[in-house]
Amino acid sequence: MSLNELAKLLEPVALKAGAKIMEIYSSDPEVDLKRDGSPVTEADLAAEKIILTALAKIAPDIPVISEENSTSHSLDAPKTFFLVDPLDGTKEFTKRDGKGSFTVNIALIENEIPILGIVYAPALDRLFVGINGEGAFEKSKSNENSLSVRNPKLENIVAVASASHRDGLTDNWLADRGINNTISIGSSLKFCLIAAGEADVYPRFGPTMEWDTAAGDAILRAAGGKMTKIDKAKFVYGKPDYFNGPFIAWGGFS
């Protein structure tokens, strides 16, 4: 199966998971806390069930590492595997602030690199797809737009930063580069805004997991951007415990 064919099969899965998330969102669900203190809701679990059930039918031979399936976190990363975050931005989901900055994330990793990514923001009805070697796209029922990072002048750089996890290291990194224009938004939408040319760079010093970043990273790379460690070293997937260290997501600015 080609990556294009796989993407076509996964897009409706993300849409279905997103529809379920919005159904639960309208009911003002209760919030529980996981062992690590992070929030989880009925929407996280329902969306994950939809995605994992679909992946078992679409690509039964490819292992899945998923946020809410803690058993999968102890698996050694194989050569090819899916990374799934059924509801990225749960804190934004629970805020109910009207910004809609939460997403469904599905990514395919091969040889440590995200080669396919799907991000769906159901509250905003924005579906992003990135395919290695094919490009990145934002899709709707009636339209499909190709995405590409922009190449801004230094004085016009727009950064995106976490809505819930921004810290002093991020502020210092931006200040050292004279970047004053910042969009605060949650979830993997930060990667998608850079891929769409709506922003230029995303510095992240706080902890994240690979399922938080993989789908957005795939879209960003397919749009001509890149991910690096803080020192601009290569950023890869399948790390111990699937834990990310600090990173920078770059558009045309680096």
# chains A, B, ... in the order shown; residues from 1 in each chain; ligands from 1
call {"tool": "residues_around", "arguments": {"residues": "Glu92 of chain A", "least_positions_apart": "2", "cutoff": "10 Å", "atoms": "only C-alpha atoms", "output": "ChimeraX atom specification"}}
result
/A:88-90,94-103,163-164,185-187
call {"tool": "residues_around", "arguments": {"residues": "Arg177 of chain A", "least_positions_apart": "4", "cutoff": "10 Å", "atoms": "only C-alpha atoms", "output": "compact mmCIF listing (two decimals) with C-alpha atoms, in the first residue's frame"}}
result
# COMPACT_ATOMS: atom_id res chain seq x y z
CA LEU A 154 14.15 38.36 10.27
CA GLU A 155 12.07 41.28 11.51
CA ILE A 157 9.22 36.22 12.06
CA ASN A 172 14.68 33.83 26.48
CA TRP A 173 15.18 31.96 23.19
call {"tool": "closest_residue", "arguments": {"among": "A:Leu75, A:Leu55, A:Ala195, A:Met227", "to": "Gly135 of chain A", "atoms": "only C-alpha atoms"}}
result
A:Ala195
call {"tool": "residues_around", "arguments": {"residues": "Glu198 of chain A", "least_positions_apart": "6", "cutoff": "9 Å", "atoms": "only C-alpha atoms", "output": "list of chain:residue names"}}
result
A:Val149, A:Arg150, A:Val158, A:Cys192
call {"tool": "write_last_selection", "arguments": {"atoms": "C-alpha atoms", "output": "PDB file, in the first residue's frame"}}
result
ATOM      1  CA  VAL A 149       6.530  27.102   4.688  1.00  0.00           C
ATOM      2  CA  ARG A 150       7.369  30.737   4.071  1.00  0.00           C
ATOM      3  CA  VAL A 158       6.169  34.888  13.861  1.00  0.00           C
ATOM      4  CA  CYS A 192       0.434  23.010  11.095  1.00  0.00           C
TER       5      CYS A 192
END
call {"tool": "select_by_dssp", "arguments": {"residues": "segment 13-248 of chain A", "states": "strand (DSSP E or B)", "output": "PyMOL selection string"}}
result
chain A and resi 31-33+39-41+64-66+80-88+103-110+113-121+126-131+135-139+144-147+158-162+181-185+201-204+208-209+226-229+234+243-244+247-248
call {"tool": "residues_around", "arguments": {"residues": "Lys20 of chain A", "least_positions_apart": "3", "cutoff": "10 Å", "atoms": "only C-alpha atoms", "output": "list in words"}}
result
Ala14, Leu15, Lys16, Ala17, Glu23, Ile24, Tyr25, Glu42, Ala43, Asp44, Ala46, Ala47, Ile50 and Pro122 of chain A
call {"tool": "write_last_selection", "arguments": {"atoms": "C-alpha atoms", "output": "mmCIF file, in the first residue's frame"}}
result
data_model
loop_
_atom_site.group_PDB
_atom_site.id
_atom_site.type_symbol
_atom_site.label_atom_id
_atom_site.label_comp_id
_atom_site.auth_asym_id
_atom_site.auth_seq_id
_atom_site.Cartn_x
_atom_site.Cartn_y
_atom_site.Cartn_z
ATOM 1 C CA ALA A 14 -9.392 11.097 11.949
ATOM 2 C CA LEU A 15 -12.652 12.780 10.957
ATOM 3 C CA LYS A 16 -14.692 10.118 12.746
ATOM 4 C CA ALA A 17 -12.572 10.428 15.887
ATOM 5 C CA GLU A 23 -20.026 15.054 20.541
ATOM 6 C CA ILE A 24 -18.472 14.547 23.971
ATOM 7 C CA TYR A 25 -17.219 18.139 24.104
ATOM 8 C CA GLU A 42 -13.992 10.249 27.933
ATOM 9 C CA ALA A 43 -13.171 11.909 24.608
ATOM 10 C CA ASP A 44 -9.520 10.750 24.728
ATOM 11 C CA ALA A 46 -13.436 7.128 22.761
ATOM 12 C CA ALA A 47 -11.291 8.661 20.020
ATOM 13 C CA ILE A 50 -12.035 4.497 17.009
ATOM 14 C CA PRO A 122 -12.424 19.136 14.877
#
call {"tool": "closest_residue", "arguments": {"among": "A:Asn111, A:Ser140, A:Ser26, A:Ser148", "to": "Gly197 of chain A", "atoms": "only C-alpha atoms"}}
result
A:Ser148
call {"tool": "select_by_dssp", "arguments": {"residues": "segment 47-234 of chain A", "states": "helix (DSSP H, G or I)", "output": "count of residues only"}}
result
55
